[in-house]
>>> print(open('coords-v6.cif').read())   # mmCIF, C-alpha atoms and all ligand atoms
data_upload
loop_
_atom_site.label_atom_id
_atom_site.label_comp_id
_atom_site.auth_asym_id
_atom_site.auth_seq_id
_atom_site.Cartn_x
_atom_site.Cartn_y
_atom_site.Cartn_z
CA MET A 1 -1.64 129.56 113.49
CA ALA A 2 -3.82 131.88 111.41
CA VAL A 3 -7.13 131.13 109.80
CA VAL A 4 -6.56 131.17 106.05
CA ILE A 5 -9.31 133.33 104.57
CA ASP A 6 -10.70 131.54 101.55
CA GLY A 7 -11.44 134.40 99.17
CA LYS A 8 -12.69 131.98 96.54
CA GLN A 9 -15.31 130.62 98.89
CA VAL A 10 -16.42 134.03 100.18
CA ALA A 11 -16.63 135.22 96.57
CA ALA A 12 -18.59 132.14 95.50
CA SER A 13 -21.23 132.63 98.18
CA TYR A 14 -21.50 136.35 97.37
CA ARG A 15 -21.95 135.46 93.70
CA GLU A 16 -24.84 133.16 94.63
CA THR A 17 -26.74 136.16 96.00
CA LEU A 18 -25.90 138.14 92.88
CA LYS A 19 -27.16 135.27 90.73
CA GLU A 20 -30.51 135.44 92.53
CA ARG A 21 -30.71 139.18 91.98
CA VAL A 22 -29.97 138.70 88.28
CA THR A 23 -32.68 136.05 88.00
CA GLU A 24 -35.17 138.53 89.49
CA LEU A 25 -34.01 141.30 87.16
CA ARG A 26 -34.28 139.04 84.11
CA ALA A 27 -37.81 138.07 85.18
CA ARG A 28 -38.62 141.80 85.02
CA GLY A 29 -37.11 141.98 81.53
CA ILE A 30 -33.84 143.61 82.64
CA VAL A 31 -30.67 141.90 81.44
CA PRO A 32 -27.60 143.32 83.24
CA LYS A 33 -25.05 144.19 80.61
CA LEU A 34 -21.32 144.83 81.06
CA LYS A 35 -19.02 146.11 78.32
CA VAL A 36 -15.29 145.63 78.78
CA VAL A 37 -12.79 147.43 76.58
CA LEU A 38 -9.49 145.60 76.21
CA ILE A 39 -6.66 147.31 74.37
CA GLY A 40 -3.39 145.71 73.30
CA ASP A 41 -1.98 142.31 74.22
CA ASP A 42 -0.76 142.61 77.81
CA PRO A 43 -1.04 139.02 79.13
CA ALA A 44 -2.06 140.12 82.64
CA SER A 45 -4.87 142.32 81.28
CA HIS A 46 -6.10 139.48 79.07
CA SER A 47 -6.09 137.12 82.03
CA TYR A 48 -8.03 139.59 84.25
CA VAL A 49 -10.59 140.13 81.50
CA ARG A 50 -11.06 136.37 81.03
CA GLY A 51 -11.77 136.11 84.77
CA LYS A 52 -14.34 138.89 84.50
CA GLU A 53 -16.05 137.22 81.53
CA ARG A 54 -16.24 133.91 83.39
CA ALA A 55 -17.73 135.50 86.49
CA ALA A 56 -20.28 137.46 84.45
CA GLN A 57 -21.35 134.31 82.64
CA GLU A 58 -21.70 132.39 85.91
CA ILE A 59 -23.96 135.08 87.40
CA GLY A 60 -26.07 135.64 84.28
CA ILE A 61 -24.66 139.06 83.36
CA ASP A 62 -24.44 139.65 79.64
CA SER A 63 -20.79 140.66 79.14
CA GLN A 64 -19.10 141.69 75.95
CA VAL A 65 -15.38 142.28 75.48
CA LEU A 66 -14.43 144.85 72.83
CA ARG A 67 -10.84 144.19 71.75
CA PHE A 68 -8.66 146.82 70.09
CA ASP A 69 -5.15 147.04 68.78
CA GLU A 70 -2.84 149.19 70.90
CA THR A 71 -2.68 151.74 68.09
CA ILE A 72 -6.26 152.90 68.83
CA SER A 73 -6.37 156.69 69.20
CA GLU A 74 -7.67 158.51 72.25
CA LYS A 75 -10.45 160.04 70.16
CA GLU A 76 -11.61 156.64 68.91
CA LEU A 77 -11.75 155.36 72.47
CA LEU A 78 -13.58 158.44 73.79
CA ASP A 79 -16.12 158.22 70.93
CA LEU A 80 -16.71 154.57 71.79
CA ILE A 81 -17.28 155.49 75.45
CA ASP A 82 -19.80 158.15 74.38
CA LEU A 83 -21.75 155.51 72.44
CA MET A 84 -21.80 153.15 75.40
CA ASN A 85 -22.78 155.97 77.76
CA GLU A 86 -25.81 156.67 75.57
CA ASP A 87 -26.80 153.02 75.07
CA GLU A 88 -29.60 152.38 77.60
CA GLU A 89 -29.02 148.63 77.43
CA VAL A 90 -25.46 148.99 78.75
CA HIS A 91 -25.27 149.11 82.57
CA GLY A 92 -21.54 148.84 83.19
CA ILE A 93 -18.53 150.14 81.27
CA LEU A 94 -15.02 149.06 82.14
CA VAL A 95 -11.87 150.08 80.30
CA GLN A 96 -9.13 147.68 81.34
CA LEU A 97 -6.03 149.54 82.54
CA PRO A 98 -3.20 150.19 81.83
CA LEU A 99 -3.75 152.00 78.53
CA PRO A 100 -1.23 152.60 75.73
CA LYS A 101 0.90 155.72 76.19
CA GLN A 102 -0.89 157.84 73.56
CA ILE A 103 -4.08 157.72 75.68
CA ASP A 104 -4.61 159.86 78.77
CA GLU A 105 -5.96 157.50 81.42
CA SER A 106 -7.64 160.16 83.53
CA ARG A 107 -9.46 161.60 80.50
CA VAL A 108 -10.83 158.13 79.75
CA ILE A 109 -11.90 157.54 83.35
CA MET A 110 -13.67 160.90 83.45
CA ARG A 111 -15.46 160.28 80.15
CA ILE A 112 -17.26 157.17 81.43
CA SER A 113 -20.66 158.12 82.81
CA PRO A 114 -20.43 158.01 86.65
CA GLU A 115 -23.69 156.03 86.61
CA LYS A 116 -22.00 153.26 84.57
CA ASP A 117 -18.56 153.47 86.15
CA VAL A 118 -18.47 149.93 87.56
CA ASP A 119 -14.76 150.26 88.42
CA GLY A 120 -15.65 153.11 90.78
CA PHE A 121 -12.77 155.28 89.50
CA HIS A 122 -14.71 158.36 88.31
CA PRO A 123 -14.03 161.42 90.52
CA GLU A 124 -17.77 161.80 91.16
CA ASN A 125 -17.93 158.30 92.63
CA VAL A 126 -14.65 158.76 94.51
CA GLY A 127 -16.05 162.00 95.96
CA LYS A 128 -19.28 160.32 97.02
CA MET A 129 -17.28 157.52 98.63
CA MET A 130 -15.27 160.12 100.58
CA LEU A 131 -18.52 161.65 101.78
CA GLY A 132 -19.78 158.21 102.80
CA LEU A 133 -22.67 158.39 100.34
CA ASP A 134 -24.19 155.43 98.54
CA THR A 135 -22.26 154.98 95.27
CA LEU A 136 -20.37 152.57 93.03
CA LEU A 137 -17.35 151.60 95.15
CA PRO A 138 -13.95 150.63 93.70
CA CYS A 139 -13.87 146.85 93.42
CA THR A 140 -10.65 145.80 95.17
CA PRO A 141 -11.17 148.05 98.24
CA HIS A 142 -14.82 146.96 98.49
CA GLY A 143 -13.77 143.31 98.23
CA ILE A 144 -11.16 143.80 100.96
CA LEU A 145 -13.73 145.40 103.29
CA HIS A 146 -16.13 142.53 102.70
CA LEU A 147 -13.41 139.94 103.44
CA ALA A 148 -12.39 141.76 106.62
CA LYS A 149 -16.00 141.86 107.81
CA THR A 150 -16.19 138.06 107.56
CA GLN A 151 -13.47 137.96 110.25
CA THR A 152 -13.96 140.86 112.64
CA GLU A 153 -15.76 144.01 113.71
CA ILE A 154 -14.20 147.03 112.01
CA ALA A 155 -15.22 149.94 114.27
CA GLY A 156 -12.46 150.98 116.66
CA LYS A 157 -9.78 148.79 115.05
CA HIS A 158 -6.46 150.27 114.01
CA VAL A 159 -6.11 149.64 110.28
CA VAL A 160 -2.69 150.20 108.73
CA VAL A 161 -2.68 150.42 104.95
CA VAL A 162 0.65 150.01 103.15
CA GLY A 163 0.36 151.62 99.70
CA ARG A 164 -1.53 154.76 98.68
CA SER A 165 -2.47 154.16 95.04
CA GLN A 166 -5.65 155.66 93.65
CA ILE A 167 -7.14 152.24 92.94
CA VAL A 168 -6.30 150.32 96.13
CA GLY A 169 -4.46 151.97 99.02
CA LYS A 170 -6.13 155.35 99.23
CA PRO A 171 -9.73 154.21 98.75
CA VAL A 172 -9.42 151.14 100.99
CA GLY A 173 -8.31 153.35 103.88
CA MET A 174 -11.27 155.61 103.22
CA LEU A 175 -13.75 152.70 103.29
CA PHE A 176 -12.40 151.50 106.62
CA LEU A 177 -12.48 155.04 108.00
CA ASN A 178 -16.14 155.24 106.95
CA GLU A 179 -16.64 152.09 109.07
CA SER A 180 -15.14 153.93 112.08
CA ALA A 181 -11.71 152.30 112.05
CA THR A 182 -8.64 154.35 112.96
CA VAL A 183 -6.59 154.43 109.78
CA THR A 184 -2.86 154.94 109.17
CA TYR A 185 -1.45 155.16 105.65
CA CYS A 186 2.10 154.09 104.80
CA HIS A 187 3.98 154.44 101.51
CA SER A 188 7.46 154.48 100.03
CA LYS A 189 8.50 157.54 102.06
CA THR A 190 7.29 156.15 105.39
CA ASP A 191 10.05 156.15 107.96
CA ASP A 192 10.29 152.85 109.87
CA LEU A 193 7.51 150.90 108.19
CA GLY A 194 7.70 148.09 110.76
CA ALA A 195 6.98 150.48 113.65
CA MET A 196 3.74 151.39 111.84
CA THR A 197 2.65 147.92 110.73
CA ARG A 198 3.24 146.47 114.22
CA GLN A 199 0.43 148.70 115.49
CA ALA A 200 -2.12 147.22 113.10
CA ASP A 201 -5.10 145.19 114.25
CA ILE A 202 -5.89 144.93 110.55
CA LEU A 203 -2.91 145.18 108.19
CA ILE A 204 -3.63 145.77 104.50
CA VAL A 205 -0.64 145.54 102.17
CA ALA A 206 -0.98 146.80 98.58
CA VAL A 207 2.49 147.53 97.24
CA GLY A 208 3.63 144.99 94.66
CA ARG A 209 6.88 143.85 96.33
CA ALA A 210 7.27 140.21 97.28
CA GLY A 211 8.40 139.66 100.85
CA LEU A 212 8.01 143.31 101.91
CA VAL A 213 6.15 142.46 105.12
CA THR A 214 7.99 140.00 107.33
CA ALA A 215 6.75 138.31 110.52
CA ASP A 216 8.57 140.78 112.81
CA MET A 217 6.47 143.59 111.27
CA VAL A 218 3.16 142.01 112.31
CA LYS A 219 1.39 142.31 115.68
CA PRO A 220 0.47 138.90 117.12
CA GLY A 221 -3.20 138.16 116.36
CA ALA A 222 -3.52 140.73 113.56
CA LEU A 223 -5.76 140.23 110.55
CA VAL A 224 -3.50 140.43 107.50
CA ILE A 225 -4.85 141.19 104.05
CA ASP A 226 -2.30 140.77 101.29
CA VAL A 227 -3.34 142.54 98.09
CA GLY A 228 -0.01 142.28 96.26
CA VAL A 229 0.39 140.09 93.23
CA ASN A 230 3.98 139.32 92.26
CA ARG A 231 5.41 136.69 89.98
CA VAL A 232 8.45 135.07 91.57
CA GLU A 233 10.14 132.18 89.78
CA GLY A 234 6.96 131.53 87.81
CA ARG A 235 4.76 131.47 90.93
CA LEU A 236 2.26 134.11 92.12
CA VAL A 237 3.00 135.48 95.59
CA GLY A 238 1.79 138.45 97.62
CA ASP A 239 3.69 141.20 99.45
CA VAL A 240 3.63 139.35 102.77
CA ASP A 241 6.00 136.57 103.84
CA TYR A 242 3.03 134.21 103.98
CA GLU A 243 4.51 131.13 105.69
CA ALA A 244 6.10 133.07 108.56
CA VAL A 245 3.28 135.60 109.03
CA LYS A 246 0.69 132.77 109.09
CA GLU A 247 2.26 131.65 112.38
CA LYS A 248 1.69 135.06 113.97
CA ALA A 249 -1.53 136.48 112.54
CA SER A 250 -5.05 135.46 113.58
CA ALA A 251 -6.19 135.39 109.96
CA ILE A 252 -4.51 135.94 106.60
CA THR A 253 -5.48 136.03 102.93
CA PRO A 254 -3.50 133.78 100.59
CA VAL A 255 -2.18 134.84 97.18
CA PRO A 256 -3.67 133.67 94.91
CA GLY A 257 -7.16 132.93 96.22
CA GLY A 258 -7.61 135.82 98.66
CA VAL A 259 -8.41 139.33 97.47
CA GLY A 260 -8.37 138.57 93.72
CA PRO A 261 -11.67 136.65 93.54
CA MET A 262 -13.36 139.39 95.60
CA THR A 263 -12.26 142.12 93.19
CA ILE A 264 -14.04 140.45 90.29
CA THR A 265 -17.08 139.71 92.43
CA MET A 266 -17.45 143.37 93.40
CA LEU A 267 -17.31 144.33 89.73
CA MET A 268 -20.29 142.04 89.22
CA HIS A 269 -21.94 143.58 92.29
CA ASN A 270 -21.60 147.05 90.76
CA THR A 271 -23.04 145.92 87.43
CA VAL A 272 -26.04 144.37 89.18
CA GLU A 273 -26.47 147.56 91.25
CA VAL A 274 -26.63 149.72 88.13
CA ALA A 275 -29.07 147.33 86.44
CA SER A 276 -31.25 147.34 89.57
CA ARG A 277 -31.53 151.11 89.48
CA GLY A 278 -33.58 150.62 86.33
P1 LIG B 301 0.96 151.03 92.75
O1 LIG B 301 2.29 150.69 92.16
O2 LIG B 301 0.08 151.98 92.08
O3 LIG B 301 1.20 151.56 94.25
C1 LIG B 301 2.11 150.95 95.10
C2 LIG B 301 2.15 151.69 96.41
O4 LIG B 301 3.11 151.04 97.24
C3 LIG B 301 2.57 153.15 96.31
O5 LIG B 301 1.70 153.93 97.08
C4 LIG B 301 3.99 153.17 96.83
O6 LIG B 301 4.34 154.35 97.52
C5 LIG B 301 3.96 152.03 97.82
N1 LIG B 301 5.31 151.48 98.06
C6 LIG B 301 6.23 151.15 97.14
N2 LIG B 301 7.33 150.66 97.75
C7 LIG B 301 7.10 150.71 99.08
C8 LIG B 301 7.85 150.36 100.21
N3 LIG B 301 9.08 149.88 100.12
N4 LIG B 301 7.28 150.54 101.43
C9 LIG B 301 6.04 151.03 101.54
N5 LIG B 301 5.28 151.37 100.49
C10 LIG B 301 5.79 151.22 99.27
O7 LIG B 301 0.26 149.62 92.96
P2 LIG B 301 -1.31 149.22 93.10
O8 LIG B 301 -1.91 149.85 94.30
O9 LIG B 301 -1.96 149.35 91.80
O10 LIG B 301 -1.14 147.66 93.38
C11 LIG B 301 -0.45 147.17 94.49
C12 LIG B 301 -0.35 145.66 94.40
O11 LIG B 301 -1.65 145.11 94.46
C13 LIG B 301 0.25 145.16 93.09
O12 LIG B 301 1.00 143.99 93.35
C14 LIG B 301 -0.94 144.80 92.25
O13 LIG B 301 -0.67 143.79 91.31
C15 LIG B 301 -1.89 144.30 93.32
N6 LIG B 301 -3.30 144.41 92.97
C16 LIG B 301 -4.08 143.32 93.22
C17 LIG B 301 -5.43 143.36 92.93
C18 LIG B 301 -6.25 142.16 93.23
O14 LIG B 301 -7.41 142.15 92.88
N7 LIG B 301 -5.71 141.15 93.90
C19 LIG B 301 -6.06 144.54 92.34
C20 LIG B 301 -5.17 145.66 92.19
C21 LIG B 301 -3.84 145.58 92.50
P3 LIG B 301 4.46 155.80 96.81
O15 LIG B 301 3.03 156.26 96.60
O16 LIG B 301 5.19 156.62 97.79
O17 LIG B 301 5.18 155.57 95.52
#
>>> encode(input="coords-v6.cif", output="structure tokens")
Amino acid sequence: MAVVIDGKQVAASYRETLKERVTELRARGIVPKLKVVLIGDDPASHSYVRGKERAAQEIGIDSQVLRFDETISEKELLDLIDLMNEDEEVHGILVQLPLPKQIDESRVIMRISPEKDVDGFHPENVGKMMLGLDTLLPCTPHGILHLAKTQTEIAGKHVVVVGRSQIVGKPVGMLFLNESATVTYCHSKTDDLGAMTRQADILIVAVGRAGLVTADMVKPGALVIDVGVNRVEGRLVGDVDYEAVKEKASAITPVPGGVGPMTITMLMHNTVEVASRG
């Protein structure tokens, strides 16, 4: 029977250390400031942004959500980013994705100053991460690495990542590689997914398909990190058949309450990092 990794608890204790850092910064007259741009009325985006606001408030980060109608033009958004880039009091800028179709997402990501890119999506930060240099790391992958480290040594482990998106799969594999794991990537074209996942000491699943990973696809004693968030019959579930895999794995993250709280916490971490740079 697996240990259930309590992401909420790990996140809460991490936030305590961030709170202390913010107290020190405020004593030096630095107030960490995060600006979040929220466009349109996608319920999931609104819910994520509420979570970010709550976490910022708890830690002592000054956060402000700028809400816009989905008719906002790309130019208006880019001009707004320019203003925030120039504002010395703003440490972190986050544009909540996805964006309306008239706006080119990559142009927006590239316009945010890499120094204030608390999502860690700017190519300069992605490049630095690839090189293993100190930089603002993408929040979900960083949160996953932190959770895994609470359970096991990473070096020498075989990590299998299912999913190769720019925001989760690809970077999370890179972070584990930087920690000297042996990394295998799987995706929708992978032939015989189970043959791959059964080799994993650490299995990370970031696909967005409920029930994709069944117990027969998991090596006994593996650490299983379920990133997926799917709504099934009104309930949130991950990509892993949780009840069955729990019997086989040594540790597993629940959905909700696993990776999600860590993602938000690492966003706060990045904001505090930028503020600390002065
Ligand atoms: P994307 O849709 O961008 O990527 C999904 C990936 O899964 C793709 O690489 C795709 O392969 C792969 N895939 C699709 N079907 C299969 C299959 N049958 N077998 C193997 N691989 C498959 O999703 P994201 O990375 O953005 O998100 C993944 C999940 O994680 C979602 O449920 C999302 O909601 C959740 N999420 C959770 C977060 C959290 O904080 N808890 C944060 C971010 C995301 P291909 O590239 O070949 O198309």
>>> residues_around(input="coords-v6.cif", residues="Gly127 of chain A", least_positions_apart="3", cutoff="12 Å", atoms="all atoms listed in the file", output="list in words")
Pro114, Gly120, Phe121, His122, Pro123, Glu124, Met130, Leu131, Gly132, Leu133, Asp134, Thr135, Leu136, Leu137, Pro138, Pro171 and Met174 of chain A
>>> residues_near_ligand(input="coords-v6.cif", ligand="ligand LIG 301 (chain B)", cutoff="6 Å", atoms="all atoms listed in the file", output="count of residues only")
22
>>> closest_atom_pairs(input="coords-v6.cif", of="segment 71-170 of chain A", to="segment 32-48 of chain A", cutoff="7 Å", atoms="all atoms listed in the file", output="tab-separated table")
residue	atom	partner	partner_atom	distance
A:Glu89	CA	A:Lys33	CA	6.8
A:Val90	CA	A:Lys33	CA	5.2
A:His91	CA	A:Lys33	CA	5.3
A:Gly92	CA	A:Leu34	CA	4.5
A:Ile93	CA	A:Lys35	CA	5.0
A:Leu94	CA	A:Val36	CA	4.8
A:Val95	CA	A:Val37	CA	4.7
A:Gln96	CA	A:Leu38	CA	5.5
A:Leu99	CA	A:Ile39	CA	6.9
>>> atom_distance(input="coords-v6.cif", atom1="atom CA of Val232 of chain A", atom2="atom CA of Val245 of chain A")
18.2 Å
>>> residues_around(input="coords-v6.cif", residues="Ala56 of chain A", least_positions_apart="5", cutoff="12 Å", atoms="all atoms listed in the file", output="list of chain:residue names")
A:Arg15, A:Glu16, A:Leu18, A:Lys19, A:Val22, A:Val31, A:Pro32, A:Lys33, A:Leu34, A:Lys35, A:Val36, A:Val49, A:Arg50, A:Gly51, A:Ile61, A:Asp62, A:Ser63, A:Gln64, A:Val65, A:Gly92, A:Ile264, A:Thr265, A:Met266, A:Leu267, A:Met268, A:His269, A:Asn270, A:Thr271, A:Val272
>>> axis_aligned_box(input="coords-v6.cif", around="segment 108-111 of chain A", padding_each_side="4 Å", output="lines of an AutoDock Vina configuration file")
center_x = -13.1
center_y = 159.2
center_z = 81.6
size_x = 12.6
size_y = 11.4
size_z = 11.7
>>> closest_residue(input="coords-v6.cif", among="A:Ala155, A:Val255, A:Ala195, A:Val126", to="Val172 of chain A", atoms="all atoms listed in the file")
A:Val126
>>> closest_residue(input="coords-v6.cif", among="A:Ile72, A:Glu115, A:Glu88, A:Val4", to="Val224 of chain A", atoms="all atoms listed in the file")
A:Val4
>>> residues_near_point(input="coords-v6.cif", point="(5.7, 138.7, 97.5)", cutoff="7 Å", atoms="only C-alpha atoms", output="list in words")
Arg209, Ala210, Gly211, Leu212, Gly228, Val229, Asn230, Val237, Gly238, Asp239, Val240 and Asp241 of chain A
>>> closest_residue(input="coords-v6.cif", among="A:Met217, A:Leu193, A:Ala2, A:Ile59", to="Thr23 of chain A", atoms="all atoms listed in the file")
A:Ile59
>>> atom_distance(input="coords-v6.cif", atom1="atom CA of Gly60 of chain A", atom2="atom CA of Glu20 of chain A")
9.4 Å
>>> atom_distance(input="coords-v6.cif", atom1="atom CA of Asp226 of chain A", atom2="atom CA of Glu53 of chain A")
24.3 Å
>>> residues_around(input="coords-v6.cif", residues="Ala12 of chain A", least_positions_apart="4", cutoff="10 Å", atoms="only C-alpha atoms", output="PyMOL selection string")
chain A and resi 6-8+16-18+55+261-262+265
>>> residues_around(input="coords-v6.cif", residues="Asp201 of chain A", least_positions_apart="6", cutoff="7 Å", atoms="only C-alpha atoms", output="list in words")
Lys157, His158, Val159, Ala222 and Leu223 of chain A
>>> residues_near_point(input="coords-v6.cif", point="(-0.5, 139.7, 117.6)", cutoff="9 Å", atoms="all atoms listed in the file", output="list in words")
Arg198, Ala200, Asp201, Val218, Lys219, Pro220, Gly221, Ala222, Leu223, Lys248, Ala249 and Ser250 of chain A
>>> closest_residue(input="coords-v6.cif", among="A:Ile252, A:Gln166, A:Ser106, A:Val274", to="Ile144 of chain A", atoms="all atoms listed in the file")
A:Ile252
>>> build_atoms(input="coords-v6.cif", residues="segment 92-122 of chain A", atoms="N, CA and C atoms", output="compact mmCIF listing (two decimals), in the frame of the given file")
# COMPACT_ATOMS: atom_id res chain seq x y z
N GLY A 92 -22.90 148.62 82.68
CA GLY A 92 -21.54 148.84 83.19
C GLY A 92 -20.54 148.99 82.06
N ILE A 93 -19.61 149.95 82.24
CA ILE A 93 -18.53 150.14 81.27
C ILE A 93 -17.21 150.04 82.03
N LEU A 94 -16.33 149.20 81.51
CA LEU A 94 -15.02 149.06 82.14
C LEU A 94 -13.95 149.13 81.06
N VAL A 95 -13.01 150.04 81.21
CA VAL A 95 -11.87 150.08 80.30
C VAL A 95 -10.68 149.50 81.08
N GLN A 96 -10.20 148.36 80.62
CA GLN A 96 -9.13 147.68 81.34
C GLN A 96 -7.84 148.51 81.29
N LEU A 97 -7.28 148.78 82.45
CA LEU A 97 -6.03 149.54 82.54
C LEU A 97 -4.86 148.55 82.67
N PRO A 98 -3.66 148.89 82.33
CA PRO A 98 -3.20 150.19 81.83
C PRO A 98 -3.51 150.39 80.34
N LEU A 99 -3.48 151.66 79.93
CA LEU A 99 -3.75 152.00 78.53
C LEU A 99 -2.44 152.34 77.81
N PRO A 100 -2.44 152.22 76.47
CA PRO A 100 -1.23 152.60 75.73
C PRO A 100 -0.87 154.07 75.96
N LYS A 101 0.40 154.39 75.75
CA LYS A 101 0.90 155.72 76.19
C LYS A 101 0.27 156.91 75.49
N GLN A 102 -0.29 156.69 74.26
CA GLN A 102 -0.89 157.84 73.56
C GLN A 102 -2.26 158.23 74.16
N ILE A 103 -2.74 157.45 75.12
CA ILE A 103 -4.08 157.72 75.68
C ILE A 103 -3.95 158.19 77.14
N ASP A 104 -4.63 159.29 77.42
CA ASP A 104 -4.61 159.86 78.77
C ASP A 104 -5.64 159.12 79.64
N GLU A 105 -5.11 158.36 80.60
CA GLU A 105 -5.96 157.50 81.42
C GLU A 105 -7.04 158.29 82.15
N SER A 106 -6.66 159.42 82.72
CA SER A 106 -7.64 160.16 83.53
C SER A 106 -8.76 160.73 82.64
N ARG A 107 -8.40 161.10 81.40
CA ARG A 107 -9.46 161.60 80.50
C ARG A 107 -10.47 160.49 80.19
N VAL A 108 -9.95 159.28 80.04
CA VAL A 108 -10.83 158.13 79.75
C VAL A 108 -11.73 157.84 80.96
N ILE A 109 -11.12 157.82 82.13
CA ILE A 109 -11.90 157.54 83.35
C ILE A 109 -13.01 158.58 83.52
N MET A 110 -12.67 159.84 83.24
CA MET A 110 -13.67 160.90 83.45
C MET A 110 -14.75 160.91 82.37
N ARG A 111 -14.47 160.28 81.23
CA ARG A 111 -15.46 160.28 80.15
C ARG A 111 -16.58 159.26 80.40
N ILE A 112 -16.24 158.20 81.14
CA ILE A 112 -17.26 157.17 81.43
C ILE A 112 -18.32 157.79 82.34
N SER A 113 -19.58 157.58 81.98
CA SER A 113 -20.66 158.12 82.81
C SER A 113 -20.52 157.60 84.25
N PRO A 114 -20.56 158.48 85.26
CA PRO A 114 -20.43 158.01 86.65
C PRO A 114 -21.47 156.95 87.00
N GLU A 115 -22.62 157.02 86.34
CA GLU A 115 -23.69 156.03 86.61
C GLU A 115 -23.33 154.63 86.10
N LYS A 116 -22.38 154.56 85.14
CA LYS A 116 -22.00 153.26 84.57
C LYS A 116 -20.57 152.87 84.91
N ASP A 117 -19.97 153.63 85.80
CA ASP A 117 -18.56 153.47 86.15
C ASP A 117 -18.39 152.32 87.16
N VAL A 118 -18.47 151.08 86.66
CA VAL A 118 -18.47 149.93 87.56
C VAL A 118 -17.11 149.67 88.21
N ASP A 119 -16.06 150.34 87.74
CA ASP A 119 -14.76 150.26 88.42
C ASP A 119 -14.71 151.19 89.64
N GLY A 120 -15.62 152.15 89.67
CA GLY A 120 -15.65 153.11 90.78
C GLY A 120 -14.48 154.08 90.78
N PHE A 121 -13.95 154.40 89.60
CA PHE A 121 -12.77 155.28 89.50
C PHE A 121 -13.12 156.73 89.18
N HIS A 122 -14.35 156.99 88.72
CA HIS A 122 -14.71 158.36 88.31
C HIS A 122 -14.68 159.29 89.54
